[in-house]
$ cat upload-v1.csv   # CSV, N, CA and C atoms
chain,number,residue,atom,x,y,z
A,1,MET,N,21.6,11.0,-1.0
A,1,MET,CA,21.2,10.7,0.4
A,1,MET,C,20.2,9.5,0.3
A,2,ALA,N,20.4,8.6,1.1
A,2,ALA,CA,19.5,7.4,1.2
A,2,ALA,C,18.1,7.8,1.7
A,3,ARG,N,17.1,7.2,1.1
A,3,ARG,CA,15.7,7.5,1.5
A,3,ARG,C,15.3,6.5,2.6
A,4,PRO,N,14.5,6.8,3.5
A,4,PRO,CA,14.1,5.9,4.6
A,4,PRO,C,13.3,4.7,4.0
A,5,SER,N,13.3,3.6,4.6
A,5,SER,CA,12.5,2.5,4.1
A,5,SER,C,11.7,1.9,5.3
A,6,GLU,N,10.8,1.0,4.9
A,6,GLU,CA,9.9,0.3,5.8
A,6,GLU,C,9.9,-1.1,5.5
A,7,SER,N,9.9,-2.0,6.5
A,7,SER,CA,9.8,-3.4,6.3
A,7,SER,C,8.5,-3.9,6.9
A,8,VAL,N,7.8,-4.7,6.1
A,8,VAL,CA,6.5,-5.2,6.5
A,8,VAL,C,6.4,-6.7,6.3
A,9,THR,N,5.9,-7.4,7.3
A,9,THR,CA,5.7,-8.8,7.3
A,9,THR,C,4.2,-9.1,7.5
A,10,ALA,N,3.7,-10.0,6.7
A,10,ALA,CA,2.3,-10.4,6.8
A,10,ALA,C,2.2,-11.8,7.2
A,11,TYR,N,1.3,-12.1,8.0
A,11,TYR,CA,1.1,-13.5,8.5
A,11,TYR,C,-0.4,-14.0,8.2
A,12,GLY,N,-0.5,-15.3,8.2
A,12,GLY,CA,-1.8,-15.9,8.1
A,12,GLY,C,-2.6,-15.4,6.9
A,13,GLY,N,-3.9,-15.0,7.2
A,13,GLY,CA,-4.8,-14.6,6.1
A,13,GLY,C,-4.3,-13.4,5.3
A,14,LYS,N,-3.6,-12.5,6.0
A,14,LYS,CA,-3.1,-11.3,5.3
A,14,LYS,C,-2.0,-11.7,4.3
A,15,ALA,N,-1.2,-12.6,4.7
A,15,ALA,CA,-0.1,-13.2,3.8
A,15,ALA,C,-0.8,-13.9,2.6
A,16,ASP,N,-1.8,-14.7,2.9
A,16,ASP,CA,-2.5,-15.4,1.8
A,16,ASP,C,-3.1,-14.4,0.8
A,17,ARG,N,-3.8,-13.3,1.4
A,17,ARG,CA,-4.4,-12.3,0.5
A,17,ARG,C,-3.3,-11.6,-0.3
A,18,PHE,N,-2.2,-11.3,0.2
A,18,PHE,CA,-1.1,-10.7,-0.5
A,18,PHE,C,-0.7,-11.5,-1.7
A,19,ARG,N,-0.5,-12.8,-1.4
A,19,ARG,CA,-0.1,-13.8,-2.5
A,19,ARG,C,-1.2,-13.8,-3.6
A,20,GLU,N,-2.5,-13.8,-3.2
A,20,GLU,CA,-3.6,-13.8,-4.2
A,20,GLU,C,-3.5,-12.5,-5.1
A,21,VAL,N,-3.2,-11.4,-4.5
A,21,VAL,CA,-3.1,-10.1,-5.2
A,21,VAL,C,-1.9,-10.3,-6.2
A,22,ALA,N,-0.8,-10.8,-5.6
A,22,ALA,CA,0.4,-10.9,-6.5
A,22,ALA,C,0.2,-11.9,-7.7
A,23,ALA,N,-0.6,-12.9,-7.4
A,23,ALA,CA,-1.0,-13.8,-8.5
A,23,ALA,C,-1.8,-13.1,-9.6
A,24,VAL,N,-2.7,-12.3,-9.2
A,24,VAL,CA,-3.5,-11.6,-10.2
A,24,VAL,C,-2.6,-10.6,-11.0
A,25,ILE,N,-1.8,-9.9,-10.3
A,25,ILE,CA,-0.8,-9.0,-11.0
A,25,ILE,C,0.0,-9.8,-12.0
A,26,GLU,N,0.5,-10.9,-11.5
A,26,GLU,CA,1.4,-11.8,-12.4
A,26,GLU,C,0.6,-12.2,-13.7
A,27,GLU,N,-0.6,-12.6,-13.5
A,27,GLU,CA,-1.5,-13.0,-14.6
A,27,GLU,C,-1.7,-11.9,-15.6
A,28,GLN,N,-1.9,-10.7,-15.1
A,28,GLN,CA,-2.2,-9.5,-15.9
A,28,GLN,C,-0.9,-9.0,-16.7
A,29,ARG,N,0.2,-9.1,-16.0
A,29,ARG,CA,1.4,-8.5,-16.6
A,29,ARG,C,2.3,-9.5,-17.3
A,30,GLY,N,2.1,-10.8,-17.0
A,30,GLY,CA,2.9,-11.8,-17.6
A,30,GLY,C,4.2,-12.1,-17.0
A,31,TYR,N,4.5,-11.6,-15.8
A,31,TYR,CA,5.7,-11.9,-15.1
A,31,TYR,C,5.4,-11.8,-13.6
A,32,GLU,N,6.3,-12.4,-12.8
A,32,GLU,CA,6.1,-12.4,-11.3
A,32,GLU,C,6.6,-11.1,-10.8
A,33,PRO,N,5.7,-10.3,-10.1
A,33,PRO,CA,6.1,-9.0,-9.6
A,33,PRO,C,6.8,-9.2,-8.3
A,34,SER,N,7.7,-8.3,-8.0
A,34,SER,CA,8.4,-8.3,-6.7
A,34,SER,C,7.4,-7.9,-5.6
A,35,ASN,N,7.7,-8.2,-4.4
A,35,ASN,CA,6.8,-7.8,-3.3
A,35,ASN,C,6.7,-6.2,-3.3
A,36,SER,N,7.7,-5.5,-3.6
A,36,SER,CA,7.7,-4.1,-3.6
A,36,SER,C,6.7,-3.6,-4.7
A,37,GLU,N,6.7,-4.3,-5.8
A,37,GLU,CA,5.8,-3.9,-6.9
A,37,GLU,C,4.3,-4.2,-6.5
A,38,VAL,N,4.1,-5.3,-5.9
A,38,VAL,CA,2.7,-5.6,-5.4
A,38,VAL,C,2.3,-4.5,-4.5
A,39,LEU,N,3.1,-4.2,-3.5
A,39,LEU,CA,2.8,-3.1,-2.6
A,39,LEU,C,2.5,-1.8,-3.3
A,40,SER,N,3.3,-1.5,-4.3
A,40,SER,CA,3.1,-0.2,-5.0
A,40,SER,C,1.8,-0.2,-5.7
A,41,VAL,N,1.3,-1.3,-6.3
A,41,VAL,CA,0.0,-1.4,-6.9
A,41,VAL,C,-1.1,-1.2,-5.9
A,42,LEU,N,-0.9,-1.8,-4.7
A,42,LEU,CA,-1.9,-1.7,-3.7
A,42,LEU,C,-2.0,-0.3,-3.1
A,43,LEU,N,-0.9,0.4,-2.9
A,43,LEU,CA,-0.9,1.7,-2.5
A,43,LEU,C,-1.4,2.7,-3.5
A,44,GLY,N,-1.2,2.4,-4.8
A,44,GLY,CA,-1.8,3.2,-5.8
A,44,GLY,C,-3.3,3.1,-5.9
A,45,GLU,N,-3.9,2.0,-5.4
A,45,GLU,CA,-5.3,1.9,-5.4
A,45,GLU,C,-6.0,2.4,-4.1
A,46,PHE,N,-5.2,2.7,-3.1
A,46,PHE,CA,-5.7,3.1,-1.8
A,46,PHE,C,-6.3,4.5,-1.9
A,47,ASP,N,-7.5,4.7,-1.4
A,47,ASP,CA,-8.1,6.0,-1.4
A,47,ASP,C,-8.3,6.5,0.1
A,48,ALA,N,-7.4,7.3,0.5
A,48,ALA,CA,-7.4,7.8,1.9
A,48,ALA,C,-8.7,8.4,2.3
A,49,ASP,N,-9.4,9.1,1.4
A,49,ASP,CA,-10.6,9.8,1.7
A,49,ASP,C,-11.7,8.8,2.1
A,50,SER,N,-11.7,7.6,1.6
A,50,SER,CA,-12.7,6.7,1.9
A,50,SER,C,-12.6,6.1,3.4
A,51,TYR,N,-11.4,6.4,4.0
A,51,TYR,CA,-11.1,5.9,5.3
A,51,TYR,C,-11.3,7.0,6.4
A,52,ARG,N,-11.5,8.2,5.9
A,52,ARG,CA,-11.6,9.3,6.9
A,52,ARG,C,-13.0,9.3,7.5
A,53,ARG,N,-13.1,9.7,8.7
A,53,ARG,CA,-14.4,9.7,9.4
A,53,ARG,C,-14.9,11.1,9.5
$ encode --input "upload-v1.csv" --output "structure tokens"
Amino acid sequence: MARPSESVTAYGGKADRFREVAAVIEEQRGYEPSNSEVLSVLLGEFDADSYRR
């Protein structure tokens, strides 16, 4: 069974920041990560508890 997916588009400063993060990951890993891989790294670093009020 197919799993649901999400599509995300970033514009302006958010797109610039995404590319900056991708460049750091590329430098660390030695290859260009896919957008999905960059997002996976970002989600892995997200701490939901720090955003709860």
$ residues_around --input "upload-v1.csv" --residues "Ala22 in chain A" --least-positions-apart "6" --cutoff "7 Å" --atoms "all atoms listed in the file" --output "list of chain:residue names"
A:Glu32, A:Pro33, A:Val38
$ atom_distance --input "upload-v1.csv" --atom1 "atom N of Ile25 in chain A" --atom2 "CA of Ser40 in chain A"
12.1 Å
$ select_by_dssp --input "upload-v1.csv" --residues "chain A" --states "helix (DSSP H, G or I)" --output "VMD selection string"
chain A and resid 12 to 29 35 to 45 48 to 51
$ atom_distance --input "upload-v1.csv" --atom1 "CA of Glu45 in chain A" --atom2 "atom C of Gly30 in chain A"
20.5 Å
$ atom_distance --input "upload-v1.csv" --atom1 "atom N of Ser36 in chain A" --atom2 "CA of Ser50 in chain A"
24.4 Å
$ closest_residue --input "upload-v1.csv" --among "A:Lys14, A:Val41, A:Thr9, A:Pro4" --to "Glu26 in chain A" --atoms "only C-alpha atoms"
A:Val41
$ build_atoms --input "upload-v1.csv" --residues "range 16-27 of chain A" --atoms "all heavy atoms" --output "CSV table (one decimal), in the coordinates of the input"
chain,number,residue,atom,x,y,z
A,16,ASP,N,-1.8,-14.7,2.9
A,16,ASP,CA,-2.5,-15.4,1.8
A,16,ASP,C,-3.1,-14.4,0.8
A,16,ASP,O,-3.0,-14.6,-0.4
A,16,ASP,CB,-3.7,-16.3,2.4
A,16,ASP,CG,-3.1,-17.4,3.2
A,16,ASP,OD1,-2.0,-17.8,3.1
A,16,ASP,OD2,-3.9,-17.9,4.1
A,17,ARG,N,-3.8,-13.3,1.4
A,17,ARG,CA,-4.4,-12.3,0.5
A,17,ARG,C,-3.3,-11.6,-0.3
A,17,ARG,O,-3.5,-11.3,-1.5
A,17,ARG,CB,-5.2,-11.3,1.3
A,17,ARG,CG,-5.9,-10.3,0.5
A,17,ARG,CD,-7.0,-10.9,-0.3
A,17,ARG,NE,-7.7,-9.8,-1.0
A,17,ARG,CZ,-8.0,-9.9,-2.3
A,17,ARG,NH1,-7.8,-11.0,-3.0
A,17,ARG,NH2,-8.6,-8.9,-2.8
A,18,PHE,N,-2.2,-11.3,0.2
A,18,PHE,CA,-1.1,-10.7,-0.5
A,18,PHE,C,-0.7,-11.5,-1.7
A,18,PHE,O,-0.5,-11.0,-2.8
A,18,PHE,CB,0.1,-10.4,0.5
A,18,PHE,CG,1.2,-9.6,-0.2
A,18,PHE,CD1,1.1,-8.2,-0.1
A,18,PHE,CD2,2.2,-10.2,-0.8
A,18,PHE,CE1,2.1,-7.4,-0.7
A,18,PHE,CE2,3.2,-9.4,-1.4
A,18,PHE,CZ,3.2,-8.1,-1.3
A,19,ARG,N,-0.5,-12.8,-1.4
A,19,ARG,CA,-0.1,-13.8,-2.5
A,19,ARG,C,-1.2,-13.8,-3.6
A,19,ARG,O,-0.9,-14.0,-4.8
A,19,ARG,CB,0.2,-15.1,-1.9
A,19,ARG,CG,1.5,-15.2,-1.2
A,19,ARG,CD,2.0,-16.6,-0.9
A,19,ARG,NE,1.3,-17.1,0.3
A,19,ARG,CZ,1.6,-16.9,1.6
A,19,ARG,NH1,2.6,-16.2,1.9
A,19,ARG,NH2,0.8,-17.5,2.5
A,20,GLU,N,-2.5,-13.8,-3.2
A,20,GLU,CA,-3.6,-13.8,-4.2
A,20,GLU,C,-3.5,-12.5,-5.1
A,20,GLU,O,-3.6,-12.6,-6.3
A,20,GLU,CB,-4.9,-13.8,-3.5
A,20,GLU,CG,-5.3,-15.1,-2.8
A,20,GLU,CD,-6.6,-15.0,-2.0
A,20,GLU,OE1,-7.3,-13.9,-2.0
A,20,GLU,OE2,-6.9,-15.9,-1.2
A,21,VAL,N,-3.2,-11.4,-4.5
A,21,VAL,CA,-3.1,-10.1,-5.2
A,21,VAL,C,-1.9,-10.3,-6.2
A,21,VAL,O,-2.0,-9.9,-7.3
A,21,VAL,CB,-3.0,-8.9,-4.3
A,21,VAL,CG1,-2.6,-7.7,-5.1
A,21,VAL,CG2,-4.3,-8.7,-3.5
A,22,ALA,N,-0.8,-10.8,-5.6
A,22,ALA,CA,0.4,-10.9,-6.5
A,22,ALA,C,0.2,-11.9,-7.7
A,22,ALA,O,0.6,-11.6,-8.8
A,22,ALA,CB,1.6,-11.5,-5.6
A,23,ALA,N,-0.6,-12.9,-7.4
A,23,ALA,CA,-1.0,-13.8,-8.5
A,23,ALA,C,-1.8,-13.1,-9.6
A,23,ALA,O,-1.6,-13.4,-10.8
A,23,ALA,CB,-1.7,-15.1,-8.0
A,24,VAL,N,-2.7,-12.3,-9.2
A,24,VAL,CA,-3.5,-11.6,-10.2
A,24,VAL,C,-2.6,-10.6,-11.0
A,24,VAL,O,-2.7,-10.5,-12.2
A,24,VAL,CB,-4.7,-10.8,-9.5
A,24,VAL,CG1,-5.4,-9.8,-10.5
A,24,VAL,CG2,-5.7,-11.8,-8.9
A,25,ILE,N,-1.8,-9.9,-10.3
A,25,ILE,CA,-0.8,-9.0,-11.0
A,25,ILE,C,0.0,-9.8,-12.0
A,25,ILE,O,0.3,-9.4,-13.1
A,25,ILE,CB,0.0,-8.2,-10.0
A,25,ILE,CG1,-0.9,-7.3,-9.2
A,25,ILE,CG2,1.1,-7.4,-10.7
A,25,ILE,CD1,-0.2,-6.6,-8.0
A,26,GLU,N,0.5,-10.9,-11.5
A,26,GLU,CA,1.4,-11.8,-12.4
A,26,GLU,C,0.6,-12.2,-13.7
A,26,GLU,O,1.1,-12.1,-14.8
A,26,GLU,CB,1.9,-13.0,-11.7
A,26,GLU,CG,2.7,-13.9,-12.5
A,26,GLU,CD,3.3,-15.1,-11.7
A,26,GLU,OE1,2.9,-15.3,-10.5
A,26,GLU,OE2,4.0,-15.9,-12.3
A,27,GLU,N,-0.6,-12.6,-13.5
A,27,GLU,CA,-1.5,-13.0,-14.6
A,27,GLU,C,-1.7,-11.9,-15.6
A,27,GLU,O,-1.6,-12.0,-16.8
A,27,GLU,CB,-2.8,-13.5,-14.1
A,27,GLU,CG,-3.7,-14.1,-15.2
A,27,GLU,CD,-5.0,-14.7,-14.6
A,27,GLU,OE1,-4.9,-15.5,-13.7
A,27,GLU,OE2,-6.0,-14.3,-15.0
